[in-house]
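Enquirer: The structure that follows is given in the form of structure tokens.
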Amino acid sequence: MGEPGNDETGAGQASSSKAEAAAEPQKDVGSTPGVSQRVTKWLSSPHTTPLFLLFGHLCTLVCSLMYVFPMLGFANSYRFYKLCLRSVVITCLVKLHHKHGLPPLGFPGFSKEGLYLLFESLRQWFTPVQMSTDFHYMFIAMAVTAHPPLTIALAPPTCLALYHAVTYLNQQPKVSASLVWRKAGSKLFEALRVHQRQALVFNAAMEIGLLFSVLARLFTRARSVMLVFMVFNTLKMRYKSPESNYYHRMVWGHVSSRFVEPYLLRFVPQLRGPLGAVQQFFLK
């Protein structure tokens, strides 16, 4: 009668030891934070986005300079051009997410009311997004990536990246208090701040110049009607955007008064009608 009791006792001890062994790894996993938890905590930090944007702006600057000045050879110059465009796309995506968040992803069903609510919420989210400079620069960078290099396309995002990177560094107490920054960085920041309006006019001129560049390519083997269409519609959005409307009106005014009226229409008056039609479509 005593032997069955001993077997039951041994079985109970074995089962309890197995339960403790199974519970110990769970205790270790719960007590020590995993890699995914640390990454999630780092991404949710309020300092993550500014640091990531600083890295993106610096990457855009470095890649743009390495493309314009091929210090590592002309073979690597095209790679830096591609990297610069990718850096612009990723940086703009992060800025759009930081400002506007993710689009509404909830799906209410296939009913008429549900689809209407879904499209209405997407429209309300996308309306301010499509009017922002970040969306326009991201769209242009994605459009020109698949085509031969267009150096003029790098000028506006590079100028903007320089301004944002220097402004962020100037706002950091440890950086602004350093001797190197007081000697050189503060002067650069002051020059950028004083000439901010001229820089925005320069960006608008380069964006409009991109349209004339892709139009000129229509007479070469690198022609692309789709790229002309995409750049033209982006300029329409830039012209209507509150962030760039003033500067684009100014540049277009200079193009009309200094080139179209005194030269183009003077020697080719037959273009007045087609140019008027294009202008009406542009302003529509």
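Naming works like this for the structure tokens: A, B, ... for the chains as they're shown, residue 1 at the start of each chain, ligands 1 onward in shown order.
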Can you pull out the residues contacting Gln196 in chain A? Cut-off 12 Å, using only C-alpha atoms, and skip same-chain residues under 2 positions away; I want them as a VMD selection string.
Expert: chain A and resid 159 to 160 162 to 164 167 188 to 194 198 to 203 247
Enquirer: Give the answer as one residue: which of A:Thr133, A:Leu85, A:Gly185, A:Leu96 has the shortest atom-to-atom distance to Gln171 in chain A, using only C-alpha atoms?
Expert: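 Among A:Thr133, A:Leu85, A:Gly185, A:Leu96, it is A:Gly185 that comes nearest to Gln171 in chain A.
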Enquirer: Using only C-alpha atoms, which of A:Ala153, A:Ala205, A:Met237, A:Val94 sits nearest Tyr81 in chain A?
Expert: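 Looking only at the distances to Tyr81 in chain A, the closest residue turns out to be A:Ala153.
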Enquirer: What is the distance, in Å and to one decimal place, between CA of Pro242 in chain A and CA of Gly56 in chain A?
Expert: 25.0 Å
Enquirer: Mind pulling up the distance from CA of Val129 in chain A to CA of Arg197 in chain A?
Expert: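 According to the coordinates, CA of Arg197 in chain A and CA of Val129 in chain A are separated by 23.3 Å.
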Enquirer: Among range 51-110 of chain A, which residues does DSSP mark as alpha helix (DSSP H) when it is run on the backbone? Keep the chain and numbering as in the structure and answer as a count of residues only.
Expert: 45
Enquirer: Which residues are near Tyr168 in chain A? Cut-off 12 Å, only C-alpha atoms, ignore same chain within fewer than 3 positions. Put them as an mmCIF file with all heavy atoms, in the first residue's frame.
Expert:
data_model
loop_
_atom_site.group_PDB
_atom_site.id
_atom_site.type_symbol
_atom_site.label_atom_id
_atom_site.label_comp_id
_atom_site.auth_asym_id
_atom_site.auth_seq_id
_atom_site.Cartn_x
_atom_site.Cartn_y
_atom_site.Cartn_z
ATOM 1 N N HIS A 47 12.399 62.573 -28.890
ATOM 2 C CA HIS A 47 13.633 63.049 -29.507
ATOM 3 C C HIS A 47 14.022 62.217 -30.730
ATOM 4 O O HIS A 47 14.996 62.552 -31.400
ATOM 5 C CB HIS A 47 14.784 62.994 -28.493
ATOM 6 C CG HIS A 47 14.518 63.778 -27.240
ATOM 7 N ND1 HIS A 47 14.518 65.159 -27.200
ATOM 8 C CD2 HIS A 47 14.197 63.358 -25.982
ATOM 9 C CE1 HIS A 47 14.229 65.562 -25.964
ATOM 10 N NE2 HIS A 47 14.043 64.496 -25.213
ATOM 11 N N THR A 49 12.281 61.526 -33.703
ATOM 12 C CA THR A 49 11.975 62.124 -35.002
ATOM 13 C C THR A 49 12.923 63.259 -35.365
ATOM 14 O O THR A 49 13.445 63.293 -36.480
ATOM 15 C CB THR A 49 10.516 62.601 -35.030
ATOM 16 O OG1 THR A 49 9.646 61.483 -34.786
ATOM 17 C CG2 THR A 49 10.173 63.225 -36.370
ATOM 18 N N PRO A 50 13.209 64.229 -34.460
ATOM 19 C CA PRO A 50 14.175 65.274 -34.837
ATOM 20 C C PRO A 50 15.552 64.735 -35.167
ATOM 21 O O PRO A 50 16.198 65.215 -36.115
ATOM 22 C CB PRO A 50 14.207 66.182 -33.603
ATOM 23 C CG PRO A 50 12.896 65.963 -32.935
ATOM 24 C CD PRO A 50 12.583 64.521 -33.163
ATOM 25 N N LEU A 51 16.022 63.738 -34.430
ATOM 26 C CA LEU A 51 17.334 63.163 -34.720
ATOM 27 C C LEU A 51 17.327 62.438 -36.056
ATOM 28 O O LEU A 51 18.291 62.520 -36.834
ATOM 29 C CB LEU A 51 17.751 62.213 -33.599
ATOM 30 C CG LEU A 51 18.143 62.867 -32.275
ATOM 31 C CD1 LEU A 51 18.430 61.812 -31.222
ATOM 32 C CD2 LEU A 51 19.346 63.781 -32.456
ATOM 33 N N PHE A 52 16.249 61.712 -36.344
ATOM 34 C CA PHE A 52 16.147 61.015 -37.621
ATOM 35 C C PHE A 52 16.104 62.011 -38.774
ATOM 36 O O PHE A 52 16.730 61.808 -39.822
ATOM 37 C CB PHE A 52 14.907 60.129 -37.640
ATOM 38 C CG PHE A 52 14.812 59.247 -38.845
ATOM 39 C CD1 PHE A 52 15.386 57.995 -38.853
ATOM 40 C CD2 PHE A 52 14.149 59.675 -39.984
ATOM 41 C CE1 PHE A 52 15.308 57.176 -39.973
ATOM 42 C CE2 PHE A 52 14.061 58.878 -41.108
ATOM 43 C CZ PHE A 52 14.647 57.617 -41.101
ATOM 44 N N LEU A 53 15.359 63.104 -38.598
ATOM 45 C CA LEU A 53 15.290 64.126 -39.637
ATOM 46 C C LEU A 53 16.643 64.804 -39.836
ATOM 47 O O LEU A 53 17.027 65.124 -40.965
ATOM 48 C CB LEU A 53 14.220 65.156 -39.289
ATOM 49 C CG LEU A 53 12.773 64.660 -39.322
ATOM 50 C CD1 LEU A 53 11.822 65.768 -38.909
ATOM 51 C CD2 LEU A 53 12.403 64.139 -40.704
ATOM 52 N N LEU A 54 17.374 65.029 -38.743
ATOM 53 C CA LEU A 54 18.717 65.599 -38.864
ATOM 54 C C LEU A 54 19.613 64.677 -39.670
ATOM 55 O O LEU A 54 20.351 65.136 -40.563
ATOM 56 C CB LEU A 54 19.311 65.837 -37.476
ATOM 57 C CG LEU A 54 20.763 66.321 -37.450
ATOM 58 C CD1 LEU A 54 20.898 67.687 -38.117
ATOM 59 C CD2 LEU A 54 21.291 66.363 -36.026
ATOM 60 N N PHE A 55 19.560 63.392 -39.377
ATOM 61 C CA PHE A 55 20.356 62.427 -40.137
ATOM 62 C C PHE A 55 19.940 62.430 -41.601
ATOM 63 O O PHE A 55 20.791 62.368 -42.504
ATOM 64 C CB PHE A 55 20.191 61.029 -39.537
ATOM 65 C CG PHE A 55 20.879 59.955 -40.315
ATOM 66 C CD1 PHE A 55 22.250 59.764 -40.220
ATOM 67 C CD2 PHE A 55 20.160 59.114 -41.159
ATOM 68 C CE1 PHE A 55 22.887 58.774 -40.947
ATOM 69 C CE2 PHE A 55 20.790 58.122 -41.886
ATOM 70 C CZ PHE A 55 22.153 57.950 -41.780
ATOM 71 N N HIS A 57 18.559 64.936 -43.323
ATOM 72 C CA HIS A 57 19.003 66.177 -43.956
ATOM 73 C C HIS A 57 20.503 66.147 -44.239
ATOM 74 O O HIS A 57 20.954 66.584 -45.308
ATOM 75 C CB HIS A 57 18.666 67.366 -43.059
ATOM 76 C CG HIS A 57 17.200 67.603 -42.903
ATOM 77 N ND1 HIS A 57 16.300 67.463 -43.939
ATOM 78 C CD2 HIS A 57 16.456 67.977 -41.815
ATOM 79 C CE1 HIS A 57 15.080 67.747 -43.517
ATOM 80 N NE2 HIS A 57 15.148 68.056 -42.243
ATOM 81 N N LEU A 58 21.282 65.641 -43.288
ATOM 82 C CA LEU A 58 22.729 65.552 -43.500
ATOM 83 C C LEU A 58 23.057 64.571 -44.625
ATOM 84 O O LEU A 58 23.975 64.810 -45.420
ATOM 85 C CB LEU A 58 23.418 65.127 -42.205
ATOM 86 C CG LEU A 58 23.362 66.135 -41.056
ATOM 87 C CD1 LEU A 58 24.036 65.567 -39.818
ATOM 88 C CD2 LEU A 58 24.006 67.460 -41.453
ATOM 89 N N ALA A 161 17.247 71.181 -46.875
ATOM 90 C CA ALA A 161 17.935 70.320 -45.910
ATOM 91 C C ALA A 161 19.018 71.091 -45.169
ATOM 92 O O ALA A 161 19.202 70.916 -43.952
ATOM 93 C CB ALA A 161 18.530 69.111 -46.622
ATOM 94 N N LEU A 162 19.749 71.953 -45.870
ATOM 95 C CA LEU A 162 20.771 72.762 -45.220
ATOM 96 C C LEU A 162 20.163 73.671 -44.163
ATOM 97 O O LEU A 162 20.685 73.784 -43.039
ATOM 98 C CB LEU A 162 21.517 73.587 -46.270
ATOM 99 C CG LEU A 162 22.549 74.588 -45.746
ATOM 100 C CD1 LEU A 162 23.675 73.869 -45.020
ATOM 101 C CD2 LEU A 162 23.101 75.433 -46.896
ATOM 102 N N TYR A 163 19.059 74.310 -44.497
ATOM 103 C CA TYR A 163 18.431 75.236 -43.548
ATOM 104 C C TYR A 163 17.932 74.502 -42.309
ATOM 105 O O TYR A 163 18.155 74.942 -41.170
ATOM 106 C CB TYR A 163 17.281 75.967 -44.236
ATOM 107 C CG TYR A 163 16.557 76.931 -43.321
ATOM 108 C CD1 TYR A 163 17.075 78.198 -43.065
ATOM 109 C CD2 TYR A 163 15.359 76.566 -42.696
ATOM 110 C CE1 TYR A 163 16.413 79.079 -42.222
ATOM 111 C CE2 TYR A 163 14.699 77.441 -41.855
ATOM 112 C CZ TYR A 163 15.232 78.692 -41.624
ATOM 113 O OH TYR A 163 14.578 79.556 -40.782
ATOM 114 N N HIS A 164 17.254 73.370 -42.500
ATOM 115 C CA HIS A 164 16.700 72.634 -41.358
ATOM 116 C C HIS A 164 17.798 72.023 -40.499
ATOM 117 O O HIS A 164 17.683 72.008 -39.257
ATOM 118 C CB HIS A 164 15.745 71.546 -41.852
ATOM 119 C CG HIS A 164 14.436 72.068 -42.335
ATOM 120 N ND1 HIS A 164 13.609 72.857 -41.555
ATOM 121 C CD2 HIS A 164 13.779 71.916 -43.517
ATOM 122 C CE1 HIS A 164 12.515 73.168 -42.225
ATOM 123 N NE2 HIS A 164 12.596 72.616 -43.423
ATOM 124 N N ALA A 165 18.856 71.530 -41.103
ATOM 125 C CA ALA A 165 19.943 70.928 -40.331
ATOM 126 C C ALA A 165 20.664 71.981 -39.488
ATOM 127 O O ALA A 165 20.926 71.767 -38.296
ATOM 128 C CB ALA A 165 20.924 70.227 -41.270
ATOM 129 N N GLN A 171 19.756 75.095 -32.279
ATOM 130 C CA GLN A 171 18.851 75.022 -31.137
ATOM 131 C C GLN A 171 19.346 74.097 -30.035
ATOM 132 O O GLN A 171 18.745 74.065 -28.960
ATOM 133 C CB GLN A 171 17.466 74.560 -31.603
ATOM 134 C CG GLN A 171 16.760 75.551 -32.517
ATOM 135 C CD GLN A 171 15.464 75.006 -33.084
ATOM 136 O OE1 GLN A 171 15.169 73.813 -32.944
ATOM 137 N NE2 GLN A 171 14.681 75.862 -33.717
ATOM 138 N N GLN A 172 20.409 73.343 -30.283
ATOM 139 C CA GLN A 172 20.954 72.444 -29.279
ATOM 140 C C GLN A 172 21.964 73.187 -28.412
ATOM 141 O O GLN A 172 22.945 73.735 -28.932
ATOM 142 C CB GLN A 172 21.611 71.228 -29.946
ATOM 143 C CG GLN A 172 20.699 70.488 -30.888
ATOM 144 C CD GLN A 172 19.407 70.065 -30.231
ATOM 145 O OE1 GLN A 172 19.408 69.464 -29.151
ATOM 146 N NE2 GLN A 172 18.289 70.365 -30.863
ATOM 147 N N PRO A 173 21.760 73.242 -27.097
ATOM 148 C CA PRO A 173 22.669 74.018 -26.234
ATOM 149 C C PRO A 173 24.121 73.555 -26.297
ATOM 150 O O PRO A 173 25.045 74.382 -26.305
ATOM 151 C CB PRO A 173 22.072 73.819 -24.834
ATOM 152 C CG PRO A 173 20.642 73.432 -25.064
ATOM 153 C CD PRO A 173 20.635 72.658 -26.339
ATOM 154 N N LYS A 174 24.342 72.238 -26.355
ATOM 155 C CA LYS A 174 25.705 71.738 -26.379
ATOM 156 C C LYS A 174 26.423 72.117 -27.668
ATOM 157 O O LYS A 174 27.640 72.361 -27.662
ATOM 158 C CB LYS A 174 25.710 70.220 -26.204
ATOM 159 C CG LYS A 174 25.216 69.760 -24.830
ATOM 160 C CD LYS A 174 25.293 68.253 -24.704
ATOM 161 C CE LYS A 174 24.827 67.792 -23.319
ATOM 162 N NZ LYS A 174 24.897 66.316 -23.183
ATOM 163 N N VAL A 175 25.688 72.158 -28.759
ATOM 164 C CA VAL A 175 26.297 72.504 -30.049
ATOM 165 C C VAL A 175 26.525 74.008 -30.151
ATOM 166 O O VAL A 175 27.601 74.469 -30.537
ATOM 167 C CB VAL A 175 25.422 72.000 -31.207
ATOM 168 C CG1 VAL A 175 26.009 72.433 -32.548
ATOM 169 C CG2 VAL A 175 25.285 70.493 -31.154
ATOM 170 N N SER A 176 25.497 74.780 -29.809
ATOM 171 C CA SER A 176 25.605 76.237 -29.950
ATOM 172 C C SER A 176 26.629 76.845 -28.990
ATOM 173 O O SER A 176 27.134 77.942 -29.243
ATOM 174 C CB SER A 176 24.239 76.876 -29.715
ATOM 175 O OG SER A 176 23.747 76.558 -28.415
ATOM 176 N N GLY A 185 29.494 78.126 -37.263
ATOM 177 C CA GLY A 185 28.096 77.700 -37.355
ATOM 178 C C GLY A 185 27.106 78.818 -37.138
ATOM 179 O O GLY A 185 26.098 78.927 -37.849
ATOM 180 N N SER A 186 27.368 79.681 -36.158
ATOM 181 C CA SER A 186 26.428 80.767 -35.870
ATOM 182 C C SER A 186 26.376 81.763 -37.029
ATOM 183 O O SER A 186 25.314 82.310 -37.343
ATOM 184 C CB SER A 186 26.848 81.480 -34.585
ATOM 185 O OG SER A 186 28.164 82.011 -34.702
ATOM 186 N N PHE A 189 24.230 80.137 -39.701
ATOM 187 C CA PHE A 189 22.815 80.191 -39.334
ATOM 188 C C PHE A 189 22.252 81.602 -39.526
ATOM 189 O O PHE A 189 21.128 81.768 -40.018
ATOM 190 C CB PHE A 189 22.641 79.749 -37.884
ATOM 191 C CG PHE A 189 21.259 79.991 -37.345
ATOM 192 C CD1 PHE A 189 20.186 79.202 -37.730
ATOM 193 C CD2 PHE A 189 21.023 81.033 -36.447
ATOM 194 C CE1 PHE A 189 18.913 79.437 -37.244
ATOM 195 C CE2 PHE A 189 19.762 81.268 -35.948
ATOM 196 C CZ PHE A 189 18.704 80.471 -36.354
#
Enquirer: For the contact check between range 122-239 of chain A and range 252-262 of chain A, emit one row per residue of range 122-239 of chain A within 10 Å, containing the shortest atom pair and the distance in Å rounded to one decimal, counting only C-alpha atoms, chain then rising number order, as CSV.
Expert:
residue,atom,partner,partner_atom,distance
A:Ala204,CA,A:Trp252,CA,9.2
A:Ala205,CA,A:Trp252,CA,8.5
A:Ile208,CA,A:Trp252,CA,8.1
A:Tyr239,CA,A:Trp252,CA,9.6
Enquirer: Would you output that residue set with C-alpha atoms, as a PDB file, in the first residue's frame?
Expert:
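Output saved as part-v2.pdb:
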ATOM      1  CA  ALA A 204      10.735  78.335 -56.677  1.00  0.00           C
ATOM      2  CA  ALA A 205      12.976  79.257 -59.619  1.00  0.00           C
ATOM      3  CA  ILE A 208      10.050  76.022 -62.454  1.00  0.00           C
ATOM      4  CA  TYR A 239       1.265  77.424 -57.317  1.00  0.00           C
TER       5      TYR A 239
END
Enquirer: Just to confirm, what's the straight-line distance from CA of Cys59 in chain A to CA of Arg223 in chain A in Å (one decimal)?
Expert: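 Distance between the two atoms: 29.5 Å.
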Enquirer: Using only C-alpha atoms, which of A:Val144, A:Ala177, A:Ala155, A:Met206 sits nearest Val228 in chain A?
Expert: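 Looking at the shortest contact to Val228 in chain A, the residue is A:Val144.
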Enquirer: I'd like the contact shell of Gln130 in chain A - 10 Å cut-off, only C-alpha atoms, skipping same-chain residues fewer than 4 positions apart - returned as a VMD selection string.
Expert: chain A and resid 125 to 126 134 to 136 139 234 237 to 238 241
Enquirer: With N, CA, C and O atoms retained, could you export that selection as an mmCIF file, in the first residue's frame?
Expert:
data_model
loop_
_atom_site.group_PDB
_atom_site.id
_atom_site.type_symbol
_atom_site.label_atom_id
_atom_site.label_comp_id
_atom_site.auth_asym_id
_atom_site.auth_seq_id
_atom_site.Cartn_x
_atom_site.Cartn_y
_atom_site.Cartn_z
ATOM 1 N N TRP A 125 -7.954 63.681 -44.718
ATOM 2 C CA TRP A 125 -6.546 63.501 -44.336
ATOM 3 C C TRP A 125 -5.613 63.935 -45.463
ATOM 4 O O TRP A 125 -4.567 64.548 -45.213
ATOM 5 N N PHE A 126 -5.971 63.648 -46.716
ATOM 6 C CA PHE A 126 -5.065 63.882 -47.831
ATOM 7 C C PHE A 126 -5.070 65.337 -48.298
ATOM 8 O O PHE A 126 -4.093 65.789 -48.909
ATOM 9 N N ASP A 134 6.546 69.078 -48.291
ATOM 10 C CA ASP A 134 7.143 67.752 -48.141
ATOM 11 C C ASP A 134 6.554 66.767 -49.147
ATOM 12 O O ASP A 134 7.281 65.958 -49.736
ATOM 13 N N PHE A 135 5.250 66.822 -49.355
ATOM 14 C CA PHE A 135 4.622 65.920 -50.332
ATOM 15 C C PHE A 135 5.087 66.249 -51.744
ATOM 16 O O PHE A 135 5.354 65.346 -52.550
ATOM 17 N N HIS A 136 5.211 67.516 -52.069
ATOM 18 C CA HIS A 136 5.642 67.907 -53.408
ATOM 19 C C HIS A 136 7.073 67.461 -53.677
ATOM 20 O O HIS A 136 7.369 66.920 -54.756
ATOM 21 N N PHE A 139 7.190 63.709 -54.098
ATOM 22 C CA PHE A 139 6.623 63.311 -55.385
ATOM 23 C C PHE A 139 7.618 63.552 -56.521
ATOM 24 O O PHE A 139 7.803 62.686 -57.396
ATOM 25 N N THR A 234 2.749 68.947 -60.519
ATOM 26 C CA THR A 234 3.351 69.321 -59.245
ATOM 27 C C THR A 234 3.485 70.836 -59.133
ATOM 28 O O THR A 234 3.243 71.420 -58.071
ATOM 29 N N MET A 237 0.253 72.309 -58.135
ATOM 30 C CA MET A 237 0.032 72.220 -56.690
ATOM 31 C C MET A 237 0.894 73.228 -55.941
ATOM 32 O O MET A 237 0.437 73.831 -54.963
ATOM 33 N N ARG A 238 2.134 73.430 -56.412
ATOM 34 C CA ARG A 238 2.997 74.411 -55.762
ATOM 35 C C ARG A 238 2.442 75.824 -55.914
ATOM 36 O O ARG A 238 2.563 76.656 -55.022
ATOM 37 N N SER A 241 -0.407 76.112 -53.404
ATOM 38 C CA SER A 241 -0.083 75.841 -52.007
ATOM 39 C C SER A 241 0.166 77.134 -51.250
ATOM 40 O O SER A 241 0.865 78.030 -51.750
#
Enquirer: For Ala222 in chain A, which residue among A:Leu264, A:Ala146, A:Leu154, A:Val278 is the nearest when counting only C-alpha atoms?
Expert: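 The shortest atom-to-atom distance to Ala222 in chain A comes from A:Ala146.
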